[in-house]
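Shown here: final_30.pdb, PDB, N, CA and C atoms, pLDDT in the B column.
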```
ATOM      1  N   MET A 491       0.849  -1.169   0.000  1.00 39.00           N
ATOM      2  CA  MET A 491       0.000   0.000   0.000  1.00 39.00           C
ATOM      3  C   MET A 491       0.900   1.239   0.000  1.00 39.00           C
ATOM      4  N   ALA A 492       0.584   2.215  -0.847  1.00 45.00           N
ATOM      5  CA  ALA A 492       1.366   3.445  -0.931  1.00 45.00           C
ATOM      6  C   ALA A 492       1.085   4.316   0.288  1.00 45.00           C
ATOM      7  N   LYS A 493       2.107   4.950   0.767  1.00 54.00           N
ATOM      8  CA  LYS A 493       1.973   5.815   1.931  1.00 54.00           C
ATOM      9  C   LYS A 493       1.506   7.198   1.467  1.00 54.00           C
ATOM     10  N   LEU A 494       0.414   7.686   2.032  1.00 68.00           N
ATOM     11  CA  LEU A 494      -0.140   8.969   1.665  1.00 68.00           C
ATOM     12  C   LEU A 494       0.681  10.088   2.312  1.00 68.00           C
ATOM     13  N   GLU A 495       1.145  11.002   1.483  1.00 86.00           N
ATOM     14  CA  GLU A 495       1.913  12.133   1.996  1.00 86.00           C
ATOM     15  C   GLU A 495       0.972  13.178   2.582  1.00 86.00           C
ATOM     16  N   ILE A 496       1.305  13.669   3.746  1.00 88.00           N
ATOM     17  CA  ILE A 496       0.519  14.711   4.393  1.00 88.00           C
ATOM     18  C   ILE A 496       1.085  16.054   3.951  1.00 88.00           C
ATOM     19  N   PRO A 497       0.242  16.945   3.408  1.00 90.00           N
ATOM     20  CA  PRO A 497       0.729  18.249   2.951  1.00 90.00           C
ATOM     21  C   PRO A 497       1.357  19.053   4.085  1.00 90.00           C
ATOM     22  N   ALA A 498       2.291  19.916   3.733  1.00 89.00           N
ATOM     23  CA  ALA A 498       3.005  20.712   4.734  1.00 89.00           C
ATOM     24  C   ALA A 498       2.082  21.666   5.487  1.00 89.00           C
ATOM     25  N   ASP A 499       0.978  22.089   4.869  1.00 91.00           N
ATOM     26  CA  ASP A 499       0.081  23.038   5.535  1.00 91.00           C
ATOM     27  C   ASP A 499      -0.997  22.362   6.376  1.00 91.00           C
ATOM     28  N   ALA A 500      -1.059  21.028   6.377  1.00 95.00           N
ATOM     29  CA  ALA A 500      -2.021  20.303   7.209  1.00 95.00           C
ATOM     30  C   ALA A 500      -1.579  20.389   8.673  1.00 95.00           C
ATOM     31  N   LYS A 501      -2.566  20.563   9.564  1.00 96.00           N
ATOM     32  CA  LYS A 501      -2.243  20.749  10.975  1.00 96.00           C
ATOM     33  C   LYS A 501      -3.077  19.828  11.854  1.00 96.00           C
ATOM     34  N   THR A 502      -2.527  19.525  13.028  1.00 96.00           N
ATOM     35  CA  THR A 502      -3.241  18.737  14.026  1.00 96.00           C
ATOM     36  C   THR A 502      -4.219  19.644  14.769  1.00 96.00           C
ATOM     37  N   SER A 503      -5.093  19.042  15.551  1.00 96.00           N
ATOM     38  CA  SER A 503      -6.045  19.845  16.327  1.00 96.00           C
ATOM     39  C   SER A 503      -5.327  20.739  17.332  1.00 96.00           C
ATOM     40  N   ALA A 504      -4.246  20.257  17.909  1.00 96.00           N
ATOM     41  CA  ALA A 504      -3.481  21.074  18.864  1.00 96.00           C
ATOM     42  C   ALA A 504      -2.862  22.285  18.163  1.00 96.00           C
ATOM     43  N   GLN A 505      -2.347  22.087  16.963  1.00 97.00           N
ATOM     44  CA  GLN A 505      -1.764  23.202  16.210  1.00 97.00           C
ATOM     45  C   GLN A 505      -2.839  24.216  15.812  1.00 97.00           C
ATOM     46  N   LEU A 506      -4.007  23.720  15.402  1.00 97.00           N
ATOM     47  CA  LEU A 506      -5.099  24.625  15.045  1.00 97.00           C
ATOM     48  C   LEU A 506      -5.573  25.423  16.257  1.00 97.00           C
ATOM     49  N   ALA A 507      -5.695  24.763  17.403  1.00 96.00           N
ATOM     50  CA  ALA A 507      -6.127  25.447  18.620  1.00 96.00           C
ATOM     51  C   ALA A 507      -5.161  26.573  18.969  1.00 96.00           C
ATOM     52  N   GLU A 508      -3.878  26.312  18.837  1.00 97.00           N
ATOM     53  CA  GLU A 508      -2.870  27.339  19.114  1.00 97.00           C
ATOM     54  C   GLU A 508      -3.005  28.500  18.122  1.00 97.00           C
ATOM     55  N   ASP A 509      -3.197  28.182  16.852  1.00 95.00           N
ATOM     56  CA  ASP A 509      -3.367  29.216  15.828  1.00 95.00           C
ATOM     57  C   ASP A 509      -4.597  30.078  16.084  1.00 95.00           C
ATOM     58  N   PHE A 510      -5.697  29.449  16.527  1.00 95.00           N
ATOM     59  CA  PHE A 510      -6.950  30.166  16.758  1.00 95.00           C
ATOM     60  C   PHE A 510      -7.016  30.821  18.128  1.00 95.00           C
ATOM     61  N   GLY A 511      -6.068  30.509  19.002  1.00 96.00           N
ATOM     62  CA  GLY A 511      -6.039  31.104  20.335  1.00 96.00           C
ATOM     63  C   GLY A 511      -7.108  30.558  21.266  1.00 96.00           C
ATOM     64  N   ILE A 512      -7.441  29.277  21.094  1.00 95.00           N
ATOM     65  CA  ILE A 512      -8.433  28.639  21.963  1.00 95.00           C
ATOM     66  C   ILE A 512      -7.839  27.352  22.533  1.00 95.00           C
ATOM     67  N   SER A 513      -8.546  26.774  23.496  1.00 96.00           N
ATOM     68  CA  SER A 513      -8.059  25.535  24.093  1.00 96.00           C
ATOM     69  C   SER A 513      -8.294  24.362  23.144  1.00 96.00           C
ATOM     70  N   VAL A 514      -7.503  23.334  23.315  1.00 96.00           N
ATOM     71  CA  VAL A 514      -7.647  22.120  22.503  1.00 96.00           C
ATOM     72  C   VAL A 514      -9.010  21.495  22.756  1.00 96.00           C
ATOM     73  N   ASN A 515      -9.459  21.494  24.002  1.00 96.00           N
ATOM     74  CA  ASN A 515     -10.761  20.906  24.332  1.00 96.00           C
ATOM     75  C   ASN A 515     -11.899  21.633  23.616  1.00 96.00           C
ATOM     76  N   LYS A 516     -11.822  22.966  23.563  1.00 95.00           N
ATOM     77  CA  LYS A 516     -12.864  23.736  22.878  1.00 95.00           C
ATOM     78  C   LYS A 516     -12.846  23.416  21.385  1.00 95.00           C
ATOM     79  N   LEU A 517     -11.665  23.309  20.794  1.00 95.00           N
ATOM     80  CA  LEU A 517     -11.557  22.990  19.377  1.00 95.00           C
ATOM     81  C   LEU A 517     -12.104  21.594  19.097  1.00 95.00           C
ATOM     82  N   LYS A 518     -11.756  20.633  19.943  1.00 95.00           N
ATOM     83  CA  LYS A 518     -12.246  19.262  19.749  1.00 95.00           C
ATOM     84  C   LYS A 518     -13.760  19.199  19.888  1.00 95.00           C
ATOM     85  N   LYS A 519     -14.348  20.017  20.765  1.00 95.00           N
ATOM     86  CA  LYS A 519     -15.798  20.061  20.920  1.00 95.00           C
ATOM     87  C   LYS A 519     -16.449  20.579  19.643  1.00 95.00           C
ATOM     88  N   ILE A 520     -15.871  21.612  19.035  1.00 94.00           N
ATOM     89  CA  ILE A 520     -16.399  22.154  17.778  1.00 94.00           C
ATOM     90  C   ILE A 520     -16.307  21.105  16.675  1.00 94.00           C
ATOM     91  N   ILE A 521     -15.164  20.416  16.593  1.00 95.00           N
ATOM     92  CA  ILE A 521     -14.969  19.373  15.585  1.00 95.00           C
ATOM     93  C   ILE A 521     -16.019  18.277  15.761  1.00 95.00           C
ATOM     94  N   GLN A 522     -16.281  17.903  17.001  1.00 96.00           N
ATOM     95  CA  GLN A 522     -17.261  16.857  17.282  1.00 96.00           C
ATOM     96  C   GLN A 522     -18.672  17.327  16.923  1.00 96.00           C
ATOM     97  N   GLU A 523     -19.017  18.583  17.273  1.00 95.00           N
ATOM     98  CA  GLU A 523     -20.350  19.113  16.970  1.00 95.00           C
ATOM     99  C   GLU A 523     -20.601  19.156  15.466  1.00 95.00           C
ATOM    100  N   LEU A 524     -19.571  19.490  14.697  1.00 94.00           N
ATOM    101  CA  LEU A 524     -19.701  19.588  13.243  1.00 94.00           C
ATOM    102  C   LEU A 524     -19.497  18.240  12.550  1.00 94.00           C
ATOM    103  N   ASN A 525     -19.147  17.219  13.328  1.00 96.00           N
ATOM    104  CA  ASN A 525     -18.885  15.873  12.805  1.00 96.00           C
ATOM    105  C   ASN A 525     -17.834  15.908  11.696  1.00 96.00           C
ATOM    106  N   ILE A 526     -16.740  16.601  11.947  1.00 96.00           N
ATOM    107  CA  ILE A 526     -15.644  16.721  10.986  1.00 96.00           C
ATOM    108  C   ILE A 526     -14.635  15.610  11.240  1.00 96.00           C
ATOM    109  N   GLN A 527     -14.249  14.942  10.171  1.00 95.00           N
ATOM    110  CA  GLN A 527     -13.241  13.883  10.232  1.00 95.00           C
ATOM    111  C   GLN A 527     -11.914  14.440   9.730  1.00 95.00           C
ATOM    112  N   PRO A 528     -10.799  13.959  10.250  1.00 95.00           N
ATOM    113  CA  PRO A 528      -9.491  14.419   9.763  1.00 95.00           C
ATOM    114  C   PRO A 528      -9.333  14.114   8.271  1.00 95.00           C
ATOM    115  N   ASP A 529      -8.665  15.005   7.567  1.00 95.00           N
ATOM    116  CA  ASP A 529      -8.416  14.801   6.142  1.00 95.00           C
ATOM    117  C   ASP A 529      -7.306  13.783   5.919  1.00 95.00           C
ATOM    118  N   PHE A 530      -6.384  13.698   6.876  1.00 94.00           N
ATOM    119  CA  PHE A 530      -5.246  12.775   6.784  1.00 94.00           C
ATOM    120  C   PHE A 530      -5.023  12.170   8.160  1.00 94.00           C
ATOM    121  N   LYS A 531      -4.507  10.943   8.181  1.00 93.00           N
ATOM    122  CA  LYS A 531      -4.170  10.293   9.455  1.00 93.00           C
ATOM    123  C   LYS A 531      -2.780   9.698   9.347  1.00 93.00           C
ATOM    124  N   ARG A 532      -2.025   9.842  10.415  1.00 90.00           N
ATOM    125  CA  ARG A 532      -0.736   9.158  10.558  1.00 90.00           C
ATOM    126  C   ARG A 532      -0.761   8.545  11.943  1.00 90.00           C
ATOM    127  N   GLY A 533      -0.930   7.239  11.984  1.00 89.00           N
ATOM    128  CA  GLY A 533      -1.102   6.572  13.270  1.00 89.00           C
ATOM    129  C   GLY A 533      -2.425   7.006  13.875  1.00 89.00           C
ATOM    130  N   VAL A 534      -2.388   7.478  15.108  1.00 91.00           N
ATOM    131  CA  VAL A 534      -3.602   7.955  15.766  1.00 91.00           C
ATOM    132  C   VAL A 534      -3.795   9.458  15.612  1.00 91.00           C
ATOM    133  N   CYS A 535      -2.853  10.119  14.978  1.00 92.00           N
ATOM    134  CA  CYS A 535      -2.871  11.573  14.854  1.00 92.00           C
ATOM    135  C   CYS A 535      -3.621  11.987  13.579  1.00 92.00           C
ATOM    136  N   GLY A 536      -4.623  12.856  13.745  1.00 94.00           N
ATOM    137  CA  GLY A 536      -5.387  13.357  12.610  1.00 94.00           C
ATOM    138  C   GLY A 536      -4.877  14.724  12.185  1.00 94.00           C
ATOM    139  N   TYR A 537      -4.856  14.952  10.885  1.00 96.00           N
ATOM    140  CA  TYR A 537      -4.408  16.228  10.318  1.00 96.00           C
ATOM    141  C   TYR A 537      -5.544  16.836   9.514  1.00 96.00           C
ATOM    142  N   TYR A 538      -5.683  18.146   9.612  1.00 96.00           N
ATOM    143  CA  TYR A 538      -6.762  18.862   8.937  1.00 96.00           C
ATOM    144  C   TYR A 538      -6.174  19.792   7.876  1.00 96.00           C
ATOM    145  N   SER A 539      -6.819  19.804   6.697  1.00 95.00           N
ATOM    146  CA  SER A 539      -6.369  20.648   5.598  1.00 95.00           C
ATOM    147  C   SER A 539      -6.735  22.110   5.870  1.00 95.00           C
ATOM    148  N   HIS A 540      -6.231  22.982   5.032  1.00 94.00           N
ATOM    149  CA  HIS A 540      -6.513  24.410   5.154  1.00 94.00           C
ATOM    150  C   HIS A 540      -8.015  24.678   5.016  1.00 94.00           C
ATOM    151  N   ASP A 541      -8.677  24.000   4.083  1.00 95.00           N
ATOM    152  CA  ASP A 541     -10.115  24.194   3.876  1.00 95.00           C
ATOM    153  C   ASP A 541     -10.922  23.743   5.089  1.00 95.00           C
ATOM    154  N   THR A 542     -10.559  22.622   5.658  1.00 95.00           N
ATOM    155  CA  THR A 542     -11.247  22.119   6.847  1.00 95.00           C
ATOM    156  C   THR A 542     -11.003  23.053   8.034  1.00 95.00           C
ATOM    157  N   ALA A 543      -9.792  23.569   8.153  1.00 95.00           N
ATOM    158  CA  ALA A 543      -9.468  24.511   9.226  1.00 95.00           C
ATOM    159  C   ALA A 543     -10.332  25.768   9.107  1.00 95.00           C
ATOM    160  N   ASN A 544     -10.583  26.221   7.890  1.00 95.00           N
ATOM    161  CA  ASN A 544     -11.444  27.387   7.687  1.00 95.00           C
ATOM    162  C   ASN A 544     -12.878  27.108   8.118  1.00 95.00           C
ATOM    163  N   LYS A 545     -13.390  25.895   7.843  1.00 94.00           N
ATOM    164  CA  LYS A 545     -14.733  25.515   8.287  1.00 94.00           C
ATOM    165  C   LYS A 545     -14.830  25.570   9.808  1.00 94.00           C
ATOM    166  N   ILE A 546     -13.786  25.070  10.461  1.00 94.00           N
ATOM    167  CA  ILE A 546     -13.750  25.078  11.927  1.00 94.00           C
ATOM    168  C   ILE A 546     -13.696  26.507  12.437  1.00 94.00           C
ATOM    169  N   LYS A 547     -12.850  27.318  11.829  1.00 94.00           N
ATOM    170  CA  LYS A 547     -12.677  28.708  12.272  1.00 94.00           C
ATOM    171  C   LYS A 547     -13.977  29.504  12.158  1.00 94.00           C
ATOM    172  N   LEU A 548     -14.756  29.241  11.115  1.00 94.00           N
ATOM    173  CA  LEU A 548     -16.036  29.937  10.929  1.00 94.00           C
ATOM    174  C   LEU A 548     -17.033  29.618  12.020  1.00 94.00           C
ATOM    175  N   ASN A 549     -16.843  28.499  12.718  1.00 90.00           N
ATOM    176  CA  ASN A 549     -17.784  28.077  13.763  1.00 90.00           C
ATOM    177  C   ASN A 549     -17.286  28.355  15.174  1.00 90.00           C
ATOM    178  N   LEU A 550     -16.225  29.132  15.311  1.00 86.00           N
ATOM    179  CA  LEU A 550     -15.747  29.504  16.653  1.00 86.00           C
ATOM    180  C   LEU A 550     -16.783  30.394  17.304  1.00 86.00           C
ATOM    181  N   LYS A 551     -17.021  30.163  18.590  1.00 68.00           N
ATOM    182  CA  LYS A 551     -18.032  30.940  19.313  1.00 68.00           C
ATOM    183  C   LYS A 551     -17.387  31.859  20.297  1.00 68.00           C
TER     184      LYS A 551
END
```
Just dump the structure as structure tokens.
Amino acid sequence: MAKLEIPADAKTSAQLAEDFGISVNKLKKIIQELNIQPDFKRGVCGYYSHDTANKIKLNLK
């Protein structure tokens, strides 16, 4: 099976939370409410694309 390359601009939930200035728990709650799945996975770590990050950012309260 070919290994899927994760783009350089893809970020983890912890990285997104830091970028948005919110807690990781708050970000994970938003992701869960919107039922968003990671665009890429490496092991247990999920990575989100720029487009997905924008969807999350639009729903910050």
Residue by residue, what does the PyMOL selection byres (((chain A and resi 506 and name CA) around 12) and name CA) grab here? Present the result as number ranges by chain. A: 499-505, 507-518, 520-521, 536-540, 542-547, 550
Using backbone DSSP assignments, extract all helix (DSSP H, G or I) residues from chain A; output them as a PyMOL selection string. chain A and resi 503-510+514-523+540-548
Calculate how many Å separate atom N of A:Gly533 from atom N of A:Lys519, rounding to one decimal. 20.5 Å
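Between atom CA of A:Asn525 and atom CA of A:Leu548 the interatomic distance comes to 14.5 Å.
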May I ask you to restore all heavy atoms in stretch 520-531 of chain A and write the result as a short mmCIF file (atom, residue, chain, number, x, y, z; two decimals), in the coordinates of the input?
```cif
data_model
loop_
_atom_site.label_atom_id
_atom_site.label_comp_id
_atom_site.auth_asym_id
_atom_site.auth_seq_id
_atom_site.Cartn_x
_atom_site.Cartn_y
_atom_site.Cartn_z
N ILE A 520 -15.87 21.61 19.04
CA ILE A 520 -16.40 22.15 17.78
C ILE A 520 -16.31 21.10 16.68
O ILE A 520 -17.26 20.90 15.91
CB ILE A 520 -15.65 23.44 17.38
CG1 ILE A 520 -15.95 24.56 18.38
CG2 ILE A 520 -16.01 23.88 15.96
CD1 ILE A 520 -15.05 25.78 18.25
N ILE A 521 -15.16 20.42 16.59
CA ILE A 521 -14.97 19.37 15.58
C ILE A 521 -16.02 18.28 15.76
O ILE A 521 -16.61 17.80 14.79
CB ILE A 521 -13.54 18.80 15.66
CG1 ILE A 521 -12.53 19.85 15.15
CG2 ILE A 521 -13.41 17.51 14.87
CD1 ILE A 521 -11.08 19.48 15.39
N GLN A 522 -16.28 17.90 17.00
CA GLN A 522 -17.26 16.86 17.28
C GLN A 522 -18.67 17.33 16.92
O GLN A 522 -19.45 16.57 16.33
CB GLN A 522 -17.19 16.45 18.75
CG GLN A 522 -18.04 15.26 19.09
CD GLN A 522 -17.86 14.83 20.53
OE1 GLN A 522 -17.61 15.66 21.40
NE2 GLN A 522 -17.97 13.54 20.79
N GLU A 523 -19.02 18.58 17.27
CA GLU A 523 -20.35 19.11 16.97
C GLU A 523 -20.60 19.16 15.47
O GLU A 523 -21.71 18.91 15.01
CB GLU A 523 -20.51 20.52 17.55
CG GLU A 523 -20.67 20.56 19.04
CD GLU A 523 -20.65 21.97 19.61
OE1 GLU A 523 -20.47 22.94 18.84
OE2 GLU A 523 -20.81 22.11 20.84
N LEU A 524 -19.57 19.49 14.70
CA LEU A 524 -19.70 19.59 13.24
C LEU A 524 -19.50 18.24 12.55
O LEU A 524 -19.63 18.16 11.33
CB LEU A 524 -18.70 20.61 12.70
CG LEU A 524 -18.86 22.04 13.19
CD1 LEU A 524 -17.72 22.91 12.69
CD2 LEU A 524 -20.21 22.61 12.74
N ASN A 525 -19.15 17.22 13.33
CA ASN A 525 -18.89 15.87 12.80
C ASN A 525 -17.83 15.91 11.70
O ASN A 525 -18.02 15.32 10.63
CB ASN A 525 -20.18 15.22 12.33
CG ASN A 525 -20.04 13.72 12.19
OD1 ASN A 525 -19.21 13.11 12.86
ND2 ASN A 525 -20.82 13.14 11.31
N ILE A 526 -16.74 16.60 11.95
CA ILE A 526 -15.64 16.72 10.99
C ILE A 526 -14.64 15.61 11.24
O ILE A 526 -14.23 15.38 12.37
CB ILE A 526 -14.96 18.10 11.10
CG1 ILE A 526 -15.94 19.20 10.68
CG2 ILE A 526 -13.70 18.16 10.26
CD1 ILE A 526 -15.41 20.60 10.86
N GLN A 527 -14.25 14.94 10.17
CA GLN A 527 -13.24 13.88 10.23
C GLN A 527 -11.91 14.44 9.73
O GLN A 527 -11.90 15.31 8.86
CB GLN A 527 -13.66 12.70 9.36
CG GLN A 527 -14.96 12.05 9.80
CD GLN A 527 -14.88 11.50 11.22
OE1 GLN A 527 -13.91 10.85 11.59
NE2 GLN A 527 -15.91 11.76 12.01
N PRO A 528 -10.80 13.96 10.25
CA PRO A 528 -9.49 14.42 9.76
C PRO A 528 -9.33 14.11 8.27
O PRO A 528 -9.83 13.10 7.78
CB PRO A 528 -8.48 13.61 10.58
CG PRO A 528 -9.23 13.05 11.72
CD PRO A 528 -10.67 12.96 11.31
N ASP A 529 -8.66 15.00 7.57
CA ASP A 529 -8.42 14.80 6.14
C ASP A 529 -7.31 13.78 5.92
O ASP A 529 -7.28 13.10 4.89
CB ASP A 529 -8.04 16.13 5.48
CG ASP A 529 -9.18 17.14 5.57
OD1 ASP A 529 -10.29 16.80 5.13
OD2 ASP A 529 -8.96 18.25 6.09
N PHE A 530 -6.38 13.70 6.88
CA PHE A 530 -5.25 12.78 6.78
C PHE A 530 -5.02 12.17 8.16
O PHE A 530 -5.30 12.80 9.17
CB PHE A 530 -3.98 13.51 6.34
CG PHE A 530 -4.15 14.35 5.11
CD1 PHE A 530 -4.40 15.70 5.21
CD2 PHE A 530 -4.09 13.77 3.86
CE1 PHE A 530 -4.58 16.48 4.09
CE2 PHE A 530 -4.27 14.54 2.72
CZ PHE A 530 -4.52 15.90 2.83
N LYS A 531 -4.51 10.94 8.18
CA LYS A 531 -4.17 10.29 9.46
C LYS A 531 -2.78 9.70 9.35
O LYS A 531 -2.40 9.16 8.32
CB LYS A 531 -5.16 9.17 9.77
CG LYS A 531 -6.57 9.62 10.01
CD LYS A 531 -7.08 9.67 11.37
CE LYS A 531 -6.89 8.61 12.34
NZ LYS A 531 -7.42 8.93 13.63
#
```
